[in-house]
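**Q** Starting off with a structure, shown below.
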Amino acid sequence: MTTVVDPLVAAPSPVRDAHDRGASRDLSIALLGLGQVGSAFARLVATAPPELGRTVKITGALVSNTSREAPAGGVPLTADPRALLDGRPDVVVEVLGGLEPARTLVLEALARGIPVVTANKSLLAAHGDELLEAAWRARVPLRYEASVVAGVPFLGTFDRRPLAAAVTELAGIVNGTSHFILSKMETGCEYSDALADAQRLGYAERDPFNDIAGIDAAEKLTILIRQFSHSRVTTAEIPIEGIDHLLPADLAQARELGGAIKPVVHADLGQSGALSAFVAPAFVSARHPLASLSGVANGVWLKSAHASLFYSGPGAGPAVTATTLLDDVAEALTRNHEARPWCESVAATVSAPAEGRWLVRLTAAHGLPSASDTADLLSSHDIWTSRITETTSQPGSDCRWLVALPCAKHRLARALESLERAAGCEVTCLPVLEDPDA
Ligand code: HSE
């Protein structure tokens, strides 16, 4: 059941509160974490602080090694988070990543009445409800715009516009690293070189497995599902497929078919109580808005009863993430968001889409069945194809691609299993993301 709580009293303004404690005092930020994003944030505050009528300063940064070099602005380093909170900062910026100690420290800051800004998608995905409720109870802002598509501020807009946020379907590219890698592979670059580039540019997570395997994208999708349907799903429930089994030839084939393979998140939010969602590399035709993106770019397409909207831009990188964090700081210090209703999310089950079209690759070391034998076997399972390509030779194997016409996934799975058994080939199956106007 959805619980809507509408506070009748206005929340205290942190700026007014700070004013009461001494109008001439600087606005102080406690920074939790000083990795690539935290360091970029410290540089930004030192070089381009927001104009809030008072000096904005980072009064301390939480690090594990205090003997490391101090960041821009001569920010004092500490390994003691409680000392930072005891200093009563006007806002806490959390960029530690991971669940602990981030969760405990965010909850503690909120309990002390300190607004929190975070870029931590793992934290929001796993504990978003708990943190949002804690923020609402403490009547202090919790801002997390930088946690999803960091360089495109849109979550906050929808927070303030519940009618516009009544979304029935969403599709997006929300992981810059995997998009960057697939875009590079389209031009013939080796997977490992593209990954190394993404890490050097600061797009990839410390452990790039989360990017490659789709976990980072699934955490962001968990946040988007909560944002747009107030449904509570766990990241582990979302069907996830990574990009590491793709070949450059798959990307070339997608181009031949008039589209591209993109690292997609998708959710159908239209059904009550049950959602269909997935994270997977998917075929998108050139007509889909997501096909217009390349490199590290992110995009989110949203469909509501009245309109389709498409937001795109940079989704990762220390500089853009720091910019969004600092805008969130300014909003947390100047806007009274917590006077709006807080809406508890509803537990929902999530499953993979049951029907659709699929791009299938058949791979075998020696000889694949002919196109007509393949079509015959599939049709015996009531699976029909719009296209079956010629066999092409890849290093160490032969490949053939086919597009399965709309069918039930379980029927396709059975047909492909018999193909694997009968023909001794391996199959790789990618969903086709239908065009918005299809
Ligand atoms: N590793 C993430 C990405 C960083 O590649 O999109 C931003 O969340």
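The chains in the structure tokens are called A, B, ... from first to last as shown; in each chain the residues are counted from 1, and the ligands are counted from 1 in the order shown.
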How would you report the residues lying within 7 Å of ligand 1, as a JSON list (two decimals) with C-alpha atoms, in the first residue's frame, if you count only C-alpha atoms and all ligand atoms?
**A**
[["chain", "number", "residue", "atom", "x", "y", "z"],
["A", 147, "SER", "CA", 23.73, 8.97, -8.81],
["A", 148, "VAL", "CA", 22.07, 8.38, -12.22],
["A", 149, "VAL", "CA", 23.24, 9.99, -15.48],
["A", 150, "ALA", "CA", 25.37, 12.38, -13.47],
["A", 174, "VAL", "CA", 23.02, 4.69, -18.07],
["A", 175, "ASN", "CA", 26.50, 3.19, -17.99],
["A", 176, "GLY", "CA", 29.10, 5.26, -19.80],
["A", 177, "THR", "CA", 31.87, 2.69, -19.56],
["A", 178, "SER", "CA", 30.01, -0.11, -21.36],
["A", 203, "TYR", "CA", 34.48, 6.50, -16.36],
["A", 204, "ALA", "CA", 34.86, 2.98, -15.00],
["A", 205, "GLU", "CA", 34.19, 1.92, -11.44],
["A", 211, "ASP", "CA", 30.27, -1.76, -15.42],
["A", 216, "ASP", "CA", 26.18, -0.50, -12.17],
["A", 315, "GLY", "CA", 26.64, 10.33, -17.53],
["A", 316, "ALA", "CA", 30.03, 9.83, -15.97],
["A", 317, "GLY", "CA", 33.39, 11.42, -15.31]]
**Q** Using only C-alpha atoms, which residues sit within 8 Å of range 181-188 of chain A once same-chain residues fewer than 5 positions away are excluded, as an MDAnalysis selection string?
**A** chainID A and resid 194:195 198 248 251:252 261:263 294:295
**Q** Please identify which residues in range 104-175 of chain A DSSP calls alpha helix (DSSP H) from the backbone, and express them as a PyMOL selection string.
**A** chain A and resi 104-111+121-138+155-159
**Q** Can you tell me which residues surround Val91 in chain A at a distance of at most 6 Å, considering only C-alpha atoms, apart from same-chain residues fewer than 6 positions away, and format the answer as a list in words?
**A**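 Surrounding residues, per the criterion: Ile29, Ile114, Pro115 and Val116 of chain A.
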**Q** Go ahead and write the selection's residues with all heavy atoms as a compact mmCIF listing (two decimals), in the first residue's frame.
**A**
# COMPACT_ATOMS: atom_id res chain seq x y z
N ILE A 29 31.02 22.54 4.11
CA ILE A 29 30.73 21.21 3.52
C ILE A 29 31.69 20.20 4.14
O ILE A 29 32.90 20.42 4.18
CB ILE A 29 30.96 21.23 2.00
CG1 ILE A 29 30.08 22.27 1.31
CG2 ILE A 29 30.72 19.84 1.40
CD1 ILE A 29 30.41 22.49 -0.16
N ILE A 114 21.53 17.32 9.33
CA ILE A 114 22.46 17.86 8.33
C ILE A 114 22.03 17.37 6.94
O ILE A 114 21.93 16.15 6.72
CB ILE A 114 23.91 17.40 8.61
CG1 ILE A 114 24.34 17.81 10.02
CG2 ILE A 114 24.86 17.98 7.57
CD1 ILE A 114 25.66 17.15 10.46
N PRO A 115 21.77 18.26 5.99
CA PRO A 115 21.43 17.82 4.62
C PRO A 115 22.55 16.99 4.01
O PRO A 115 23.73 17.22 4.32
CB PRO A 115 21.27 19.14 3.85
CG PRO A 115 21.07 20.18 4.88
CD PRO A 115 21.79 19.73 6.11
N VAL A 116 22.17 16.05 3.15
CA VAL A 116 23.17 15.16 2.52
C VAL A 116 23.00 15.20 1.01
O VAL A 116 21.87 15.18 0.50
CB VAL A 116 23.00 13.71 3.03
CG1 VAL A 116 23.93 12.76 2.27
CG2 VAL A 116 23.28 13.62 4.54
**Q** Please extract the residues of range 331-430 of chain A with a backbone DSSP assignment of strand (DSSP E) and present them as a PyMOL selection string.
**A** chain A and resi 342-343+346-347+349-351+355-364+385-388+392-394+397-408+426-430
**Q** Which residue, A:Ala422, A:Val92, A:Leu155, A:Leu31, has the smallest gap to Tyr311 in chain A when you use only C-alpha atoms?
**A**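 So, comparing all the options, the nearest one is A:Leu155.
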**Q** Of the residues A:Asp244, A:Glu169, A:Glu344, A:Glu355, which is the one nearest to Ile225 in chain A, using only C-alpha atoms?
**A** A:Glu169
**Q** So that I can check the surroundings of Asn120 in chain A, please list as a list in words every protein, DNA and RNA residue that reaches within 10 Å of it, counting only C-alpha atoms and ignoring chain neighbours fewer than 2 positions away.
**A** Glu94, Val95, Leu96, Gly97, Gly98, Leu99, Ala102, Arg103, Val117, Thr118, Ser122, Leu123, Leu124, Ala125, Tyr144, Glu145, Ala146, Ser147, Val148, Glu219 and Lys220 of chain A
**Q** Contacts of Asp26 in chain A at 7 Å or less, counting only C-alpha atoms, minus same-chain residues fewer than 5 places along, as a list of chain:residue names?
**A** A:Arg54, A:Thr55, A:Val56, A:Lys57
**Q** List the spatial neighbours of Ala322 in chain A as a VMD selection string - criterion: any atom at most 7 Å away, only C-alpha atoms, same-chain residues fewer than 2 positions off excluded.
**A** chain A and resid 37 40 to 41 318 to 320 324 to 326
**Q** Which residue gives the smallest distance to Val233 in chain A among A:Glu100, A:Glu51, A:Glu426, A:Asp129, with only C-alpha atoms counted?
**A**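 Checking each candidate against Val233 in chain A, we get A:Asp129 as the closest.
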**Q** Have a look at CA of Arg200 in chain A and CA of Glu69 in chain A and let me know their distance in Å, one decimal.
**A** 20.4 Å
**Q** Mind checking which residues fall within 8 Å of Leu110 in chain A, counting only C-alpha atoms, ignoring those fewer than 6 positions away in the same chain, and posting them as number ranges by chain?
**A** A: 116, 134-135, 138, 140
**Q** Write out as JSON lines the residues of range 254-338 of chain A that have any atom within 12 Å of an atom of range 385-390 of chain A, one row each with the nearest atom pair and its distance in Å to one decimal, counting only C-alpha atoms, sorted by chain and then rising number.
**A**
{"residue": "A:Ala254", "atom": "CA", "partner": "A:Thr389", "partner_atom": "CA", "distance": 11.5}
{"residue": "A:Glu256", "atom": "CA", "partner": "A:Thr389", "partner_atom": "CA", "distance": 10.1}
{"residue": "A:Leu257", "atom": "CA", "partner": "A:Arg387", "partner_atom": "CA", "distance": 9.2}
**Q** For the residues in the current selection, export all heavy atoms as a PDB file, in the first residue's frame.
**A**
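Final output, saved to part_25.pdb:
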ATOM      1  N   ALA A 254      24.981  -5.680 -36.437  1.00  0.00           N
ATOM      2  CA  ALA A 254      23.886  -4.779 -36.043  1.00  0.00           C
ATOM      3  C   ALA A 254      23.818  -3.593 -37.004  1.00  0.00           C
ATOM      4  O   ALA A 254      22.733  -3.149 -37.404  1.00  0.00           O
ATOM      5  CB  ALA A 254      24.094  -4.296 -34.606  1.00  0.00           C
ATOM      6  N   GLU A 256      24.761  -3.645 -40.120  1.00  0.00           N
ATOM      7  CA  GLU A 256      24.176  -4.196 -41.362  1.00  0.00           C
ATOM      8  C   GLU A 256      22.656  -4.253 -41.284  1.00  0.00           C
ATOM      9  O   GLU A 256      21.957  -4.067 -42.264  1.00  0.00           O
ATOM     10  CB  GLU A 256      24.663  -5.632 -41.572  1.00  0.00           C
ATOM     11  CG  GLU A 256      26.101  -5.770 -41.960  1.00  0.00           C
ATOM     12  CD  GLU A 256      26.258  -5.639 -43.463  1.00  0.00           C
ATOM     13  OE1 GLU A 256      25.606  -6.426 -44.161  1.00  0.00           O
ATOM     14  OE2 GLU A 256      26.981  -4.730 -43.907  1.00  0.00           O
ATOM     15  N   LEU A 257      22.167  -4.539 -40.084  1.00  0.00           N
ATOM     16  CA  LEU A 257      20.715  -4.676 -39.894  1.00  0.00           C
ATOM     17  C   LEU A 257      20.035  -3.310 -39.708  1.00  0.00           C
ATOM     18  O   LEU A 257      18.848  -3.240 -39.429  1.00  0.00           O
ATOM     19  CB  LEU A 257      20.433  -5.547 -38.662  1.00  0.00           C
ATOM     20  CG  LEU A 257      20.789  -7.032 -38.793  1.00  0.00           C
ATOM     21  CD1 LEU A 257      20.743  -7.719 -37.443  1.00  0.00           C
ATOM     22  CD2 LEU A 257      19.826  -7.715 -39.771  1.00  0.00           C
TER      23      LEU A 257
END
**Q** Using only C-alpha atoms, can you tell me which of A:Pro436, A:Ser393, A:Arg400, A:Gln227 comes closest to Phe158 in chain A?
**A**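 Looking at the shortest contact to Phe158 in chain A, the residue is A:Gln227.
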